[in-house]
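Here's the structure we're looking at; comments come further down.
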Amino acid sequence: MTGKRMLLSFAHPDDETFGMGGVIAKYAQAGVEISLICSTDGDRGTIPSEFLEKHGSVGAVRVAELECAAHKLGIQRLFRFGYSDSGMMGTDNNHHPECLWQAKDEEVVSKIVAVIREVRPQVVVTFDEYGGYGHPDHIVMCRTTTKAFFAAGDAAQYPEAGPAYTPQKLYYMPAKKLMISLGIVRSFAQRQNPRKIGANRDLDLIAIYQNVPPTHTTIEVGEFLDIWDEANQCHASQWQAPPMRKWLRRRLFASQHFVRVSPKATRWARRETDFFAGVQ
Ligand SMILES: [Zn+2]
């Protein structure tokens with residue numbers, strides 16, 4: 001072990017893998033202890049009926065898939081908060097009393113602070129403010145994780161959540177701009193409206209593209225694409241390989257870009273290539 005620890009704070013089983021599986025595998029193999037918060041069981045996801053027969057509920061299927069992916073990628077500790085999935089923005093599920101969207105910020109922040117103080121990560125990664133593709137649960141996790149990141153080191157805040165600990169770096173994981181632009185081009189080619197994409201017509205590619213923030217950190221993951229793919233297969237009820245040739249996909253996914261939120265990146269700073277650069 002290197003003494004390096006990283007906490008990922010996400011919302012659904014698959015956010016970790018589809019979002020940054022290659023990066024997780026890379027750091028795990030380098031000896032970084034990786035912990036993951038998954039605040040819901042993803043129980044509003046749509047899954048093919050054959051998956052339900054084995055596990056009984058959508059949430060159970062997705063948690064089993066998460067455990068498979070965590071094992072493949074080398075995630076060592078998993079913290080599930082058990083909120084109900086809020087569904088896409090504007091759907092009835094947003095109003096469910098048990099869903100993350102309805103939870104009080106204080107309550108969620110307190111849970112994340114407790115994990116930060118227990119795990120003691122130097123690096124924390126969560127969604128960007130738009131929530132990647134705009135999912136309400138992603139937006140909540142960005143907001144509450146950011147609050148928790150800055151509160152964890154203050155003993156006066158959330159004293160019930162354990163002794164104070166100050167993490168050093170906070171990153172946001174934005175949507176992949178190149179992939180979104182390819183999706184927009186493809187939707188025009190197929191005479192679809194890029195503002196109404198997906199099985200439920202609830203993805204607005206134009207808005208997603210416009211909300212991708214500037215990034216400061218690039219992590220190369222070319223050597224970890226096979227293991228990333230294996231973890232993708234774990235999430236079989238959700239995984240759809242992008243409709244492109246494998247060599248092209250490998251080129252497009254060989255590096256991944258992140259926003260450095262804290263310490264705040266200046267406009268002129270050199271691009272970072274390691275989350276742990278400058279960590280003490
Ligand atoms: Zn998600």
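Within each chain, counting starts at residue 1; across the structure tokens, chains are named A, B, ... in the order shown, with ligands numbered 1 upward in that order.
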Would you mind listing, for every residue of range 135-248 of chain A within 10 Å of range 28-48 of chain A, the two atoms forming the shortest contact and the distance between them in Å to one decimal, using only C-alpha atoms, sorted by chain and ascending residue number, as JSON lines?
```
{"residue": "A:Asp137", "atom": "CA", "partner": "A:Thr40", "partner_atom": "CA", "distance": 8.4}
{"residue": "A:His138", "atom": "CA", "partner": "A:Ser39", "partner_atom": "CA", "distance": 9.8}
{"residue": "A:Val140", "atom": "CA", "partner": "A:Ser39", "partner_atom": "CA", "distance": 10.0}
{"residue": "A:Met141", "atom": "CA", "partner": "A:Ser39", "partner_atom": "CA", "distance": 8.1}
{"residue": "A:Ala199", "atom": "CA", "partner": "A:Thr46", "partner_atom": "CA", "distance": 9.8}
{"residue": "A:Phe224", "atom": "CA", "partner": "A:Gln29", "partner_atom": "CA", "distance": 9.6}
{"residue": "A:Ala236", "atom": "CA", "partner": "A:Ile47", "partner_atom": "CA", "distance": 9.2}
{"residue": "A:Ser237", "atom": "CA", "partner": "A:Ile47", "partner_atom": "CA", "distance": 5.4}
{"residue": "A:Gln238", "atom": "CA", "partner": "A:Ile47", "partner_atom": "CA", "distance": 6.8}
```
Got a sec: who's within 8 Å of Leu66 in chain A, counting only C-alpha atoms, leaving out chain neighbours fewer than 5 positions off, as a compact mmCIF listing (two decimals) with N, CA, C and O atoms, in the first residue's frame?
```txt
# COMPACT_ATOMS: atom_id res chain seq x y z
N PRO A 13 -25.39 2.46 -9.04
CA PRO A 13 -24.50 1.38 -9.47
C PRO A 13 -24.31 1.53 -10.99
O PRO A 13 -25.31 1.50 -11.72
N ASP A 14 -23.16 1.77 -11.44
CA ASP A 14 -22.66 1.93 -12.83
C ASP A 14 -22.02 3.30 -13.05
O ASP A 14 -21.21 3.47 -13.96
N CYS A 234 -19.92 -6.24 -16.31
CA CYS A 234 -20.56 -6.56 -15.03
C CYS A 234 -21.94 -5.89 -14.95
O CYS A 234 -22.88 -6.45 -14.41
N HIS A 235 -22.04 -4.67 -15.48
CA HIS A 235 -23.30 -3.93 -15.44
C HIS A 235 -24.16 -4.30 -16.65
O HIS A 235 -24.66 -3.44 -17.38
```
Near range 201-206 of chain A, counting only C-alpha atoms, which residues have an atom at most 9 Å away, once you skip same-chain residues fewer than 4 positions from it, shown as a PyMOL selection string?
-> chain A and resi 88-89+133-134+180-181+183-184+193-197+210-211
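Counting only C-alpha atoms and all ligand atoms, the residue from A:Ser57, A:Thr126, A:Asn94, A:Ser49 that sits nearest to ligand 1 is A:Thr126.
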What residues have any atom no more than 6 Å from ligand 1 when counting only C-alpha atoms and all ligand atoms, and can you list them as a VMD selection string?
-> chain A and resid 11 to 12 15
Expected file: the selected residues, N, CA and C atoms, as an mmCIF file, in the first residue's frame:
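Result file part.cif:
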```cif
data_model
loop_
_atom_site.group_PDB
_atom_site.id
_atom_site.type_symbol
_atom_site.label_atom_id
_atom_site.label_comp_id
_atom_site.auth_asym_id
_atom_site.auth_seq_id
_atom_site.Cartn_x
_atom_site.Cartn_y
_atom_site.Cartn_z
ATOM 1 N N ALA A 11 -23.867 8.193 -7.393
ATOM 2 C CA ALA A 11 -25.276 8.019 -7.044
ATOM 3 C C ALA A 11 -25.854 6.651 -7.387
ATOM 4 N N HIS A 12 -25.398 6.046 -8.487
ATOM 5 C CA HIS A 12 -26.027 4.808 -8.953
ATOM 6 C C HIS A 12 -24.984 3.736 -9.209
ATOM 7 N N ASP A 15 -22.360 4.317 -12.193
ATOM 8 C CA ASP A 15 -21.738 5.643 -12.365
ATOM 9 C C ASP A 15 -20.216 5.526 -12.306
#
```
Run DSSP on the backbone of this structure and report the residues of range 50-113 of chain A it assigns to strand (DSSP E), as a list in words.
-> Arg77, Leu78, Phe79, Arg80, Phe81, Gly82 and Tyr83 of chain A
Near Tyr130 in chain A, within 9 Å and counting only C-alpha atoms, which residues show up once chain neighbours fewer than 4 positions away are dropped, as a list of chain:residue names?
->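 The residues that qualify are A:Gly134, A:His135, A:Pro136, A:His138, A:Ile139, A:Cys142, A:Pro174, A:Ile208, A:Asn211, A:Val212, A:Pro213.
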Go through range 113-186 of chain A and collect every residue that DSSP, computed from the backbone, puts in alpha helix (DSSP H); the answer should be as a ChimeraX atom specification.
-> /A:113-119,136-151,177-186
Residue selection dump (N, CA, C and O atoms) as a compact mmCIF listing (two decimals), in the first residue's frame:
```
# COMPACT_ATOMS: atom_id res chain seq x y z
N VAL A 113 -19.65 13.23 5.14
CA VAL A 113 -18.59 13.66 6.08
C VAL A 113 -18.12 12.45 6.90
O VAL A 113 -16.92 12.24 7.09
N ALA A 114 -19.07 11.63 7.36
CA ALA A 114 -18.70 10.46 8.17
C ALA A 114 -17.81 9.51 7.36
O ALA A 114 -16.83 8.98 7.89
N VAL A 115 -18.12 9.33 6.08
CA VAL A 115 -17.28 8.45 5.24
C VAL A 115 -15.90 9.07 5.06
O VAL A 115 -14.86 8.40 5.19
N ILE A 116 -15.85 10.38 4.77
CA ILE A 116 -14.55 11.05 4.58
C ILE A 116 -13.70 10.90 5.84
O ILE A 116 -12.50 10.58 5.78
N ARG A 117 -14.32 11.08 7.01
CA ARG A 117 -13.56 11.01 8.25
C ARG A 117 -13.12 9.58 8.57
O ARG A 117 -12.10 9.37 9.23
N GLU A 118 -13.87 8.60 8.10
CA GLU A 118 -13.49 7.21 8.33
C GLU A 118 -12.39 6.75 7.35
O GLU A 118 -11.41 6.13 7.73
N VAL A 119 -12.58 7.10 6.09
CA VAL A 119 -11.67 6.62 5.04
C VAL A 119 -10.39 7.46 4.96
O VAL A 119 -9.34 6.97 4.58
N PRO A 136 -30.97 14.15 -11.58
CA PRO A 136 -31.13 14.81 -10.29
C PRO A 136 -30.23 14.23 -9.19
O PRO A 136 -29.67 14.98 -8.38
N ASP A 137 -30.08 12.91 -9.14
CA ASP A 137 -29.24 12.30 -8.10
C ASP A 137 -27.77 12.70 -8.26
O ASP A 137 -27.04 12.84 -7.27
N HIS A 138 -27.33 12.89 -9.50
CA HIS A 138 -25.94 13.32 -9.73
C HIS A 138 -25.76 14.75 -9.20
O HIS A 138 -24.73 15.08 -8.62
N ILE A 139 -26.76 15.59 -9.46
CA ILE A 139 -26.69 16.99 -9.02
C ILE A 139 -26.62 17.05 -7.49
O ILE A 139 -25.83 17.79 -6.91
N VAL A 140 -27.45 16.22 -6.83
CA VAL A 140 -27.42 16.18 -5.36
C VAL A 140 -26.05 15.74 -4.86
O VAL A 140 -25.49 16.33 -3.92
N MET A 141 -25.48 14.72 -5.50
CA MET A 141 -24.18 14.21 -5.02
C MET A 141 -23.07 15.23 -5.22
O MET A 141 -22.16 15.34 -4.39
N CYS A 142 -23.11 16.00 -6.30
CA CYS A 142 -22.12 17.05 -6.49
C CYS A 142 -22.24 18.09 -5.38
O CYS A 142 -21.26 18.45 -4.73
N ARG A 143 -23.47 18.54 -5.15
CA ARG A 143 -23.68 19.61 -4.16
C ARG A 143 -23.29 19.15 -2.75
O ARG A 143 -22.57 19.83 -2.03
N THR A 144 -23.76 17.96 -2.36
CA THR A 144 -23.53 17.51 -0.98
C THR A 144 -22.08 17.06 -0.76
O THR A 144 -21.52 17.28 0.31
N THR A 145 -21.47 16.46 -1.79
CA THR A 145 -20.07 16.03 -1.64
C THR A 145 -19.16 17.25 -1.52
O THR A 145 -18.20 17.25 -0.74
N THR A 146 -19.48 18.30 -2.29
CA THR A 146 -18.67 19.52 -2.20
C THR A 146 -18.79 20.12 -0.81
O THR A 146 -17.78 20.50 -0.19
N LYS A 147 -20.01 20.18 -0.28
CA LYS A 147 -20.18 20.70 1.09
C LYS A 147 -19.42 19.83 2.08
O LYS A 147 -18.76 20.34 2.99
N ALA A 148 -19.51 18.51 1.92
CA ALA A 148 -18.85 17.58 2.85
C ALA A 148 -17.34 17.72 2.78
O ALA A 148 -16.64 17.68 3.80
N PHE A 149 -16.81 17.91 1.56
CA PHE A 149 -15.36 18.05 1.37
C PHE A 149 -14.84 19.22 2.21
O PHE A 149 -13.80 19.12 2.87
N PHE A 150 -15.58 20.34 2.20
CA PHE A 150 -15.11 21.52 2.91
C PHE A 150 -15.47 21.50 4.40
O PHE A 150 -14.88 22.22 5.19
N ALA A 151 -16.44 20.64 4.78
CA ALA A 151 -16.85 20.60 6.19
C ALA A 151 -16.06 19.56 7.00
O ALA A 151 -15.91 19.70 8.21
N LYS A 177 -17.01 15.47 -23.64
CA LYS A 177 -17.48 16.41 -24.67
C LYS A 177 -17.45 15.79 -26.07
O LYS A 177 -18.39 15.96 -26.86
N LEU A 178 -16.37 15.07 -26.36
CA LEU A 178 -16.24 14.47 -27.69
C LEU A 178 -17.36 13.47 -27.95
O LEU A 178 -17.95 13.43 -29.04
N MET A 179 -17.68 12.68 -26.94
CA MET A 179 -18.75 11.69 -27.09
C MET A 179 -20.10 12.36 -27.30
O MET A 179 -20.92 11.91 -28.09
N ILE A 180 -20.30 13.46 -26.57
CA ILE A 180 -21.58 14.18 -26.71
C ILE A 180 -21.69 14.76 -28.12
O ILE A 180 -22.73 14.66 -28.77
N SER A 181 -20.56 15.34 -28.62
CA SER A 181 -20.64 15.91 -29.98
C SER A 181 -20.91 14.82 -31.01
O SER A 181 -21.68 15.02 -31.95
N LEU A 182 -20.28 13.64 -30.83
CA LEU A 182 -20.56 12.54 -31.76
C LEU A 182 -22.03 12.14 -31.70
O LEU A 182 -22.66 11.86 -32.73
N GLY A 183 -22.59 12.14 -30.50
CA GLY A 183 -24.01 11.80 -30.32
C GLY A 183 -24.91 12.80 -31.04
O GLY A 183 -25.92 12.43 -31.64
N ILE A 184 -24.53 14.09 -30.99
CA ILE A 184 -25.33 15.13 -31.65
C ILE A 184 -25.30 14.92 -33.17
O ILE A 184 -26.34 14.93 -33.84
N VAL A 185 -24.08 14.69 -33.70
CA VAL A 185 -23.94 14.46 -35.14
C VAL A 185 -24.78 13.25 -35.56
O VAL A 185 -25.51 13.28 -36.55
N ARG A 186 -24.70 12.19 -34.74
CA ARG A 186 -25.42 10.97 -35.06
C ARG A 186 -26.94 11.19 -35.04
O ARG A 186 -27.67 10.69 -35.89
```
Selected residue of minimal separation from Ala164 in chain A among A:Arg5, A:Lys246, A:Lys176, A:Arg120, counting only C-alpha atoms |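 Counting only C-alpha atoms, the residue closest to Ala164 in chain A is A:Arg120.
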Kindly give the distance, in Å, that separates CA of Glu129 in chain A and CA of Gln157 in chain A, rounded to a single decimal.
-> 23.3 Å
Mind dumping a table of every range 5-37 of chain A residue within 12 Å of range 250-260 of chain A, with the nearest atom pair and its distance in Å to one decimal, using only C-alpha atoms, sorted by chain and rising number, as CSV?
```
residue,atom,partner,partner_atom,distance
A:Phe18,CA,A:Phe253,CA,11.0
A:Gly19,CA,A:Gln256,CA,9.5
A:Met20,CA,A:Gln256,CA,7.8
A:Gly21,CA,A:Gln256,CA,10.3
A:Gly22,CA,A:Ala254,CA,8.5
A:Val23,CA,A:Gln256,CA,7.8
A:Ile24,CA,A:Gln256,CA,11.4
A:Lys26,CA,A:Ser255,CA,11.5
```
Between CA of Tyr172 in chain A and CA of Lys111 in chain A, distance in Å (one decimal) |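 Separation between CA of Tyr172 in chain A and CA of Lys111 in chain A: 19.2 Å.
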Shortest interatomic distance to Glu65 in chain A - which of A:Val261, A:Ala231, A:Val108, A:Ala269, counting only C-alpha atoms |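 Smallest distance to Glu65 in chain A is found for A:Ala231.
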May I ask for the distance between CA of Asp226 in chain A and CA of Ala69 in chain A, given in Å to one decimal place?
->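 Computing the Euclidean distance for CA of Asp226 in chain A and CA of Ala69 in chain A yields 12.9 Å.
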